[in-house]
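Structure first, then comments.
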Amino acid sequence: MLRSSEGLRHVRYEIRGRLARRAHELERLGYEIISLNIGNPGLFGFRTPESLRLAMIENLANAEGYCHQKGIFPAREAIVMHQQARGVQGVTADEVFIGNGASELIDLTLRALLNDGDEVLVPSPDYPLWTAAVTLNRGRAVHYPCRPENGFIPDPEEIARLVTPQTRAIVVINPNNPTGAVYPRAVLEGIARLAESRHLVVFSDEIYDQIVYDGAQFVPMATLVRDTLCATLSGLSKVYRACGYRVGWVVFSGRLRGAGDYLSALELLSSLRLCSNVPGQWAVQTALGGYQSIQELILPGGWLYESRRAILSAIAESRYLEVKPPAGAMYAFIGVKTDEFADFDDQRFALDLLEQKHVLVAPGVSFNVPYRTHFRVTNLPDAPILKRVFARIEEVLAGYAASKRGGSKGTGSKGPDAKGPGTKGSDAKGSGSRDTIVEASGRFR
Ligand code: PLP
């Protein structure tokens, strides 16, 4: 047998894992699946602003060769100016690296830092690439809780208790994926002071920085970190709805003195892959300057605002669900009331919802939480679709409640098999396939 690398043994990315593959299988059988498991704006009809597309097309002739390992100068310079406009001091184009999405830079920035067994503080729940990239690069992810009962806001004092002599860095995701929490300034200040006092590198993933609702205030971490290295990650994927362009960046600020060796290592890693996708980089300057069309989407009447509102009203009407209203990003991390279902299993539920109702959500356990009561949806579909989705979710949960009253064990296996609108119905093929997937995968992890 051809065995894969041992280094991948504990690396997980369930959002594109077995459930997503099963959804794909069902699609190939002709079922219409509503996929709420991934934040891909293009999938739901969002278009990249035309000015970005034109900037790229105009410059295609300048995009045929490799560029500098850190990225093209006009894009890096535009990122510097954008940082200045956000109140970040002391950054030049030298401290900017452009990558194939923030994803590549999450990997490279950790790879340049970590040695065997180094610890990185990562939020729980997290965007799971962070945990995966720490593991992939021989580190150990130590999760700090962002508890539902605290509105998913972390407590800097609790984080401080997790710091050990092996801790090298702390990851902050703000606005947060999956919870939508937007962290108050005082909390970010607390994390900044902790990182400074324990000489931790701060990795601040701010890819949703301009997606905030109802007046929530986003504070850039780099405006607060002075006495340690701060890496701010962002990109074109979300705010600019251009995730297929694969453009992300990392900007270093704070205590740059003493970081030369680390930054040279990152430059070496960047050189080994020669450069990142050049055509997409030509869209950066246009994206960051001038009118920001994301504003239209996040204000009342805008697509994202209204779809988020549809989720919140469906949950307000639900017998079984609860949520802390997301203040930012494009997700809701929804809890199932445990008084209704003490033995709720998020993966079982996600599978039942997929097989019975053809809706794909991401179970909470995919985001490195110790509890099994949550699931994540994106608010990228429009409000009418979300209304239909939540009606289907309610039916599955009502089925669980009915089977519980009927005395059967577990939360999943006796759910209703009602056909969703516009689907072929899942009863015949669905249940057989469901058994197959569970058998084949054991417990999914
Ligand atoms: N960081 C967060 C918090 C994300 O949610 C995502 C994508 O969903 C990424 C990074 C990856 O972004 P990119 O498309 O720039 O690789």
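How things are named: the first chain in the structure tokens is A, the next is B, and so on; residues count from 1 in each chain; ligands count from 1 in the order shown.
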What do you get as a compact mmCIF listing (two decimals) with N, CA and C atoms, in the first residue's frame if you pick all residues at most 9 Å from ligand 1, counting only C-alpha atoms and all ligand atoms?
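Listed below is the output, pocket-v5.txt:
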# COMPACT_ATOMS: atom_id res chain seq x y z
N ILE A 38 -19.62 26.53 2.97
CA ILE A 38 -18.36 27.15 2.58
C ILE A 38 -18.60 28.60 2.16
N GLY A 39 -17.68 29.49 2.53
CA GLY A 39 -17.85 30.92 2.25
C GLY A 39 -17.33 31.30 0.88
N ASN A 40 -18.00 30.78 -0.16
CA ASN A 40 -17.55 31.04 -1.54
C ASN A 40 -18.55 31.97 -2.23
N GLY A 99 0.45 36.55 -1.34
CA GLY A 99 0.43 35.09 -1.54
C GLY A 99 -0.78 34.65 -2.34
N ASN A 100 -0.82 33.35 -2.63
CA ASN A 100 -1.96 32.74 -3.33
C ASN A 100 -3.09 32.57 -2.32
N GLY A 101 -3.74 33.67 -2.00
CA GLY A 101 -4.75 33.66 -0.95
C GLY A 101 -4.08 33.79 0.41
N ALA A 102 -4.87 34.20 1.40
CA ALA A 102 -4.36 34.22 2.77
C ALA A 102 -3.96 32.80 3.17
N SER A 103 -4.63 31.81 2.58
CA SER A 103 -4.37 30.42 2.95
C SER A 103 -2.89 30.06 2.81
N GLU A 104 -2.30 30.41 1.67
CA GLU A 104 -0.89 30.06 1.48
C GLU A 104 -0.02 30.75 2.53
N LEU A 105 -0.39 31.98 2.87
CA LEU A 105 0.44 32.73 3.83
C LEU A 105 0.26 32.23 5.26
N ILE A 106 -0.91 31.69 5.57
CA ILE A 106 -1.10 31.07 6.89
C ILE A 106 -0.08 29.94 7.03
N ASP A 126 -12.28 27.76 15.57
CA ASP A 126 -11.35 28.48 14.69
C ASP A 126 -11.73 28.27 13.23
N TYR A 127 -11.11 29.05 12.36
CA TYR A 127 -11.12 28.69 10.94
C TYR A 127 -10.08 27.58 10.84
N PRO A 128 -10.49 26.34 10.50
CA PRO A 128 -9.66 25.17 10.80
C PRO A 128 -8.33 25.10 10.07
N LEU A 129 -8.15 25.92 9.05
CA LEU A 129 -6.83 25.94 8.41
C LEU A 129 -5.75 26.33 9.42
N TRP A 130 -6.08 27.19 10.39
CA TRP A 130 -5.06 27.61 11.36
C TRP A 130 -4.56 26.42 12.17
N ILE A 173 -8.71 35.74 15.11
CA ILE A 173 -9.51 35.84 13.88
C ILE A 173 -10.65 36.82 14.16
N ASN A 174 -10.59 37.98 13.54
CA ASN A 174 -11.51 39.07 13.88
C ASN A 174 -11.75 39.93 12.65
N PRO A 175 -13.01 40.10 12.22
CA PRO A 175 -14.23 39.40 12.61
C PRO A 175 -14.06 37.89 12.42
N ASN A 176 -14.76 37.15 13.27
CA ASN A 176 -14.44 35.74 13.38
C ASN A 176 -15.24 34.85 12.42
N ASN A 177 -14.53 33.92 11.84
CA ASN A 177 -15.13 32.77 11.19
C ASN A 177 -14.82 31.59 12.10
N PRO A 178 -15.76 30.85 12.63
CA PRO A 178 -17.16 30.72 12.20
C PRO A 178 -18.19 31.53 12.98
N ASP A 205 -5.88 37.48 11.70
CA ASP A 205 -6.56 37.16 10.44
C ASP A 205 -7.77 38.08 10.34
N GLU A 206 -7.66 39.07 9.45
CA GLU A 206 -8.69 40.13 9.35
C GLU A 206 -9.33 40.14 7.97
N ILE A 207 -9.51 38.96 7.40
CA ILE A 207 -9.99 38.87 6.02
C ILE A 207 -11.44 39.37 5.88
N TYR A 208 -12.18 39.45 7.01
CA TYR A 208 -13.56 39.97 6.98
C TYR A 208 -13.64 41.39 7.53
N LEU A 233 -3.19 39.43 8.39
CA LEU A 233 -3.49 38.71 7.13
C LEU A 233 -4.83 39.16 6.57
N SER A 234 -4.86 39.33 5.27
CA SER A 234 -6.12 39.69 4.62
C SER A 234 -6.04 39.31 3.14
N GLY A 235 -7.00 39.77 2.34
CA GLY A 235 -6.96 39.40 0.92
C GLY A 235 -8.21 39.84 0.18
N LEU A 236 -8.29 39.42 -1.06
CA LEU A 236 -9.39 39.84 -1.94
C LEU A 236 -10.61 38.92 -1.86
N SER A 237 -10.50 37.81 -1.13
CA SER A 237 -11.51 36.75 -1.27
C SER A 237 -12.90 37.11 -0.80
N LYS A 238 -13.00 37.86 0.28
CA LYS A 238 -14.32 38.02 0.91
C LYS A 238 -14.88 39.41 0.68
N ALA A 242 -13.59 38.01 -4.56
CA ALA A 242 -12.72 37.55 -5.65
C ALA A 242 -11.88 36.36 -5.19
N CYS A 243 -12.53 35.38 -4.54
CA CYS A 243 -11.73 34.29 -3.95
C CYS A 243 -11.04 33.44 -5.02
N GLY A 244 -11.59 33.41 -6.23
CA GLY A 244 -10.93 32.64 -7.29
C GLY A 244 -9.66 33.30 -7.81
N TYR A 245 -9.48 34.58 -7.55
CA TYR A 245 -8.24 35.24 -8.01
C TYR A 245 -7.03 34.77 -7.20
N ARG A 246 -7.29 34.22 -6.04
CA ARG A 246 -6.25 33.73 -5.12
C ARG A 246 -5.22 34.82 -4.82
N VAL A 247 -5.68 35.85 -4.18
CA VAL A 247 -4.76 36.92 -3.74
C VAL A 247 -4.99 37.20 -2.25
N GLY A 248 -3.93 37.05 -1.48
CA GLY A 248 -3.97 37.40 -0.07
C GLY A 248 -2.67 38.09 0.28
N TRP A 249 -2.63 38.69 1.47
CA TRP A 249 -1.37 39.33 1.86
C TRP A 249 -1.17 39.24 3.37
N ALA A 329 -18.50 39.25 9.51
CA ALA A 329 -18.20 38.10 8.63
C ALA A 329 -19.46 37.62 7.91
N MET A 330 -19.46 36.36 7.46
CA MET A 330 -20.58 35.90 6.64
C MET A 330 -21.07 34.51 7.07
Could you name the residues that touch Gly90 in chain A at 9 Å or less, counting only C-alpha atoms, but leaving out those on the same chain fewer than 4 positions away, as a PDB file with N, CA and C atoms, in the first residue's frame?
ATOM      1  N   GLN A  84      -2.009  52.336   6.337  1.00  0.00           N
ATOM      2  CA  GLN A  84      -1.915  53.690   6.905  1.00  0.00           C
ATOM      3  C   GLN A  84      -3.304  54.257   7.149  1.00  0.00           C
ATOM      4  N   SER A 253       4.063  44.414  11.267  1.00  0.00           N
ATOM      5  CA  SER A 253       4.188  45.707  11.951  1.00  0.00           C
ATOM      6  C   SER A 253       4.577  45.431  13.398  1.00  0.00           C
ATOM      7  N   GLY A 254       4.612  46.498  14.202  1.00  0.00           N
ATOM      8  CA  GLY A 254       5.001  46.332  15.605  1.00  0.00           C
ATOM      9  C   GLY A 254       6.510  46.297  15.731  1.00  0.00           C
TER      10      GLY A 254
END
Fill in the blank from the handout: Using only C-alpha atoms, the shortest atom-to-atom distance to Cys275 in chain A among A:Phe44, A:Tyr331, A:Tyr13, A:Tyr66 belongs to A:Tyr66
Practice task
Excluding Val187 in chain A and residues on its chain fewer than 2 positions from it, collect all residues at most 10 Å away from it, counting only C-alpha atoms, and give them as a list in words.
Solution key: Ile153, Pro154, Asp155, Pro156, Glu157, Tyr183, Pro184, Arg185, Glu189, Gly190, Ile191, Ala192 and Arg193 of chain A
Problem - Among the residues A:Leu36, A:Leu60, A:Val80, A:Ala401, the one that comes closest to Val361 in chain A [using only C-alpha atoms] - result: A:Leu36
Problem - Those in range 232-273 of chain A with strand (DSSP E or B) from DSSP, as a list of chain:residue names - result: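 Reading the DSSP output for range 232-273 of chain A, strand (DSSP E or B) covers A:Thr232, A:Leu233, A:Ser234, A:Gly235, A:Gly248, A:Trp249, A:Val250, A:Val251, A:Phe252, A:Ser253, A:Gly254.
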Generate a file of the selected residues that holds N, CA and C atoms, formatted as a short mmCIF file (atom, residue, chain, number, x, y, z; two decimals), in the first residue's frame.
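So result36.cif came out as:
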data_model
loop_
_atom_site.label_atom_id
_atom_site.label_comp_id
_atom_site.auth_asym_id
_atom_site.auth_seq_id
_atom_site.Cartn_x
_atom_site.Cartn_y
_atom_site.Cartn_z
N THR A 232 -0.57 40.88 10.11
CA THR A 232 -1.98 41.05 9.75
C THR A 232 -2.22 40.35 8.42
N LEU A 233 -3.19 39.43 8.39
CA LEU A 233 -3.49 38.71 7.13
C LEU A 233 -4.83 39.16 6.57
N SER A 234 -4.86 39.33 5.27
CA SER A 234 -6.12 39.69 4.62
C SER A 234 -6.04 39.31 3.14
N GLY A 235 -7.00 39.77 2.34
CA GLY A 235 -6.96 39.40 0.92
C GLY A 235 -8.21 39.84 0.18
N GLY A 248 -3.93 37.05 -1.48
CA GLY A 248 -3.97 37.40 -0.07
C GLY A 248 -2.67 38.09 0.28
N TRP A 249 -2.63 38.69 1.47
CA TRP A 249 -1.37 39.33 1.86
C TRP A 249 -1.17 39.24 3.37
N VAL A 250 0.09 39.38 3.74
CA VAL A 250 0.42 39.51 5.16
C VAL A 250 1.28 40.76 5.29
N VAL A 251 0.97 41.54 6.32
CA VAL A 251 1.69 42.79 6.57
C VAL A 251 2.29 42.70 7.97
N PHE A 252 3.59 42.97 8.09
CA PHE A 252 4.23 42.91 9.40
C PHE A 252 4.38 44.31 9.98
N SER A 253 4.06 44.41 11.27
CA SER A 253 4.19 45.71 11.95
C SER A 253 4.58 45.43 13.40
N GLY A 254 4.61 46.50 14.20
CA GLY A 254 5.00 46.33 15.61
C GLY A 254 6.51 46.30 15.73
#
Exercise for the section: Excluding range 299-316 of chain A and residues on its chain fewer than 2 positions from it, collect all residues at most 7 Å away from it, counting only C-alpha atoms, and give them as a VMD selection string. Expected result: chain A and resid 213 295 to 297 318 321 to 322 325 379 to 383 386 to 387 390
Next, dump the selected residues to file, keeping only C-alpha atoms, as a PDB file, in the first residue's frame.
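Okay, this is what ended up in result-v4.pdb:
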ATOM      1  CA  TYR A 213     -23.322  44.736  10.750  1.00  0.00           C
ATOM      2  CA  GLN A 295     -20.925  48.711   2.034  1.00  0.00           C
ATOM      3  CA  GLU A 296     -24.048  48.256  -0.102  1.00  0.00           C
ATOM      4  CA  LEU A 297     -24.228  44.608   0.884  1.00  0.00           C
ATOM      5  CA  SER A 318     -37.368  28.061  16.009  1.00  0.00           C
ATOM      6  CA  LEU A 321     -32.163  26.657  17.821  1.00  0.00           C
ATOM      7  CA  GLU A 322     -30.281  29.523  19.410  1.00  0.00           C
ATOM      8  CA  PRO A 325     -26.208  37.262  16.441  1.00  0.00           C
ATOM      9  CA  ASN A 379     -25.395  33.882   4.976  1.00  0.00           C
ATOM     10  CA  LEU A 380     -24.255  34.125   1.352  1.00  0.00           C
ATOM     11  CA  PRO A 381     -27.519  32.652  -0.084  1.00  0.00           C
ATOM     12  CA  ASP A 382     -30.298  35.191  -0.377  1.00  0.00           C
ATOM     13  CA  ALA A 383     -32.997  35.558   2.275  1.00  0.00           C
ATOM     14  CA  LEU A 386     -32.339  30.745   3.787  1.00  0.00           C
ATOM     15  CA  LYS A 387     -35.971  30.809   4.861  1.00  0.00           C
ATOM     16  CA  PHE A 390     -34.390  26.821   8.027  1.00  0.00           C
TER      17      PHE A 390
END
Problem - Option closest in space to Gln217 in chain A, from A:Val201, A:Ala327, A:Arg372, A:Gly180 [counting only C-alpha atoms] - result: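 Among A:Val201, A:Ala327, A:Arg372, A:Gly180, it is A:Ala327 that comes nearest to Gln217 in chain A.
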Problem - Residue neighbourhood range 21-33 of chain A, 6 Å, only C-alpha atoms, exclusion window fewer than 2 positions, as a PyMOL selection string - result: chain A and resi 18-19+35+358-359+423
Problem - Neighbour list for Asn368 in chain A as a list in words, cut-off 12 Å, only C-alpha atoms, skip fewer than 6 positions in-chain - result: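 That gives Val11, Arg12, Tyr13, Glu14, Ile15, Val122, Pro123, Ser124, Pro125, Asp126, Tyr127, Pro128, Leu129, Trp130, Thr131, Ala132, Ala141, Val142, His143, Tyr144, Pro145, Cys146, Pro178, Ala362, His374, Phe375 and Arg445 of chain A.
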File of the preceding selection, C-alpha atoms, as a PDB file, in the first residue's frame:
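Written output follows (part-v1.pdb):
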ATOM      1  CA  VAL A  11      -4.281  17.342   9.787  1.00  0.00           C
ATOM      2  CA  ARG A  12      -8.008  17.927   9.208  1.00  0.00           C
ATOM      3  CA  TYR A  13     -10.133  20.146   7.006  1.00  0.00           C
ATOM      4  CA  GLU A  14     -13.619  18.759   7.444  1.00  0.00           C
ATOM      5  CA  ILE A  15     -15.338  21.636   5.607  1.00  0.00           C
ATOM      6  CA  VAL A 122      -5.532  29.210  18.364  1.00  0.00           C
ATOM      7  CA  PRO A 123      -9.163  30.163  19.034  1.00  0.00           C
ATOM      8  CA  SER A 124     -11.804  27.481  19.536  1.00  0.00           C
ATOM      9  CA  PRO A 125     -13.850  27.547  17.398  1.00  0.00           C
ATOM     10  CA  ASP A 126     -11.349  28.480  14.693  1.00  0.00           C
ATOM     11  CA  TYR A 127     -11.119  28.695  10.945  1.00  0.00           C
ATOM     12  CA  PRO A 128      -9.665  25.174  10.804  1.00  0.00           C
ATOM     13  CA  LEU A 129      -6.826  25.941   8.413  1.00  0.00           C
ATOM     14  CA  TRP A 130      -5.064  27.607  11.359  1.00  0.00           C
ATOM     15  CA  THR A 131      -5.065  24.447  13.468  1.00  0.00           C
ATOM     16  CA  ALA A 132      -4.203  22.351  10.410  1.00  0.00           C
ATOM     17  CA  ALA A 141      -2.249  24.038  18.482  1.00  0.00           C
ATOM     18  CA  VAL A 142      -3.375  24.966  21.994  1.00  0.00           C
ATOM     19  CA  HIS A 143      -6.983  26.092  21.764  1.00  0.00           C
ATOM     20  CA  TYR A 144      -8.241  29.008  23.798  1.00  0.00           C
ATOM     21  CA  PRO A 145     -12.012  28.972  24.304  1.00  0.00           C
ATOM     22  CA  CYS A 146     -14.371  31.519  22.776  1.00  0.00           C
ATOM     23  CA  PRO A 178     -17.161  30.723  12.202  1.00  0.00           C
ATOM     24  CA  ALA A 362     -20.679  22.399   8.491  1.00  0.00           C
ATOM     25  CA  HIS A 374     -23.347  23.534  16.979  1.00  0.00           C
ATOM     26  CA  PHE A 375     -23.264  23.929  13.218  1.00  0.00           C
ATOM     27  CA  ARG A 445     -12.907  11.564  12.119  1.00  0.00           C
TER      28      ARG A 445
END
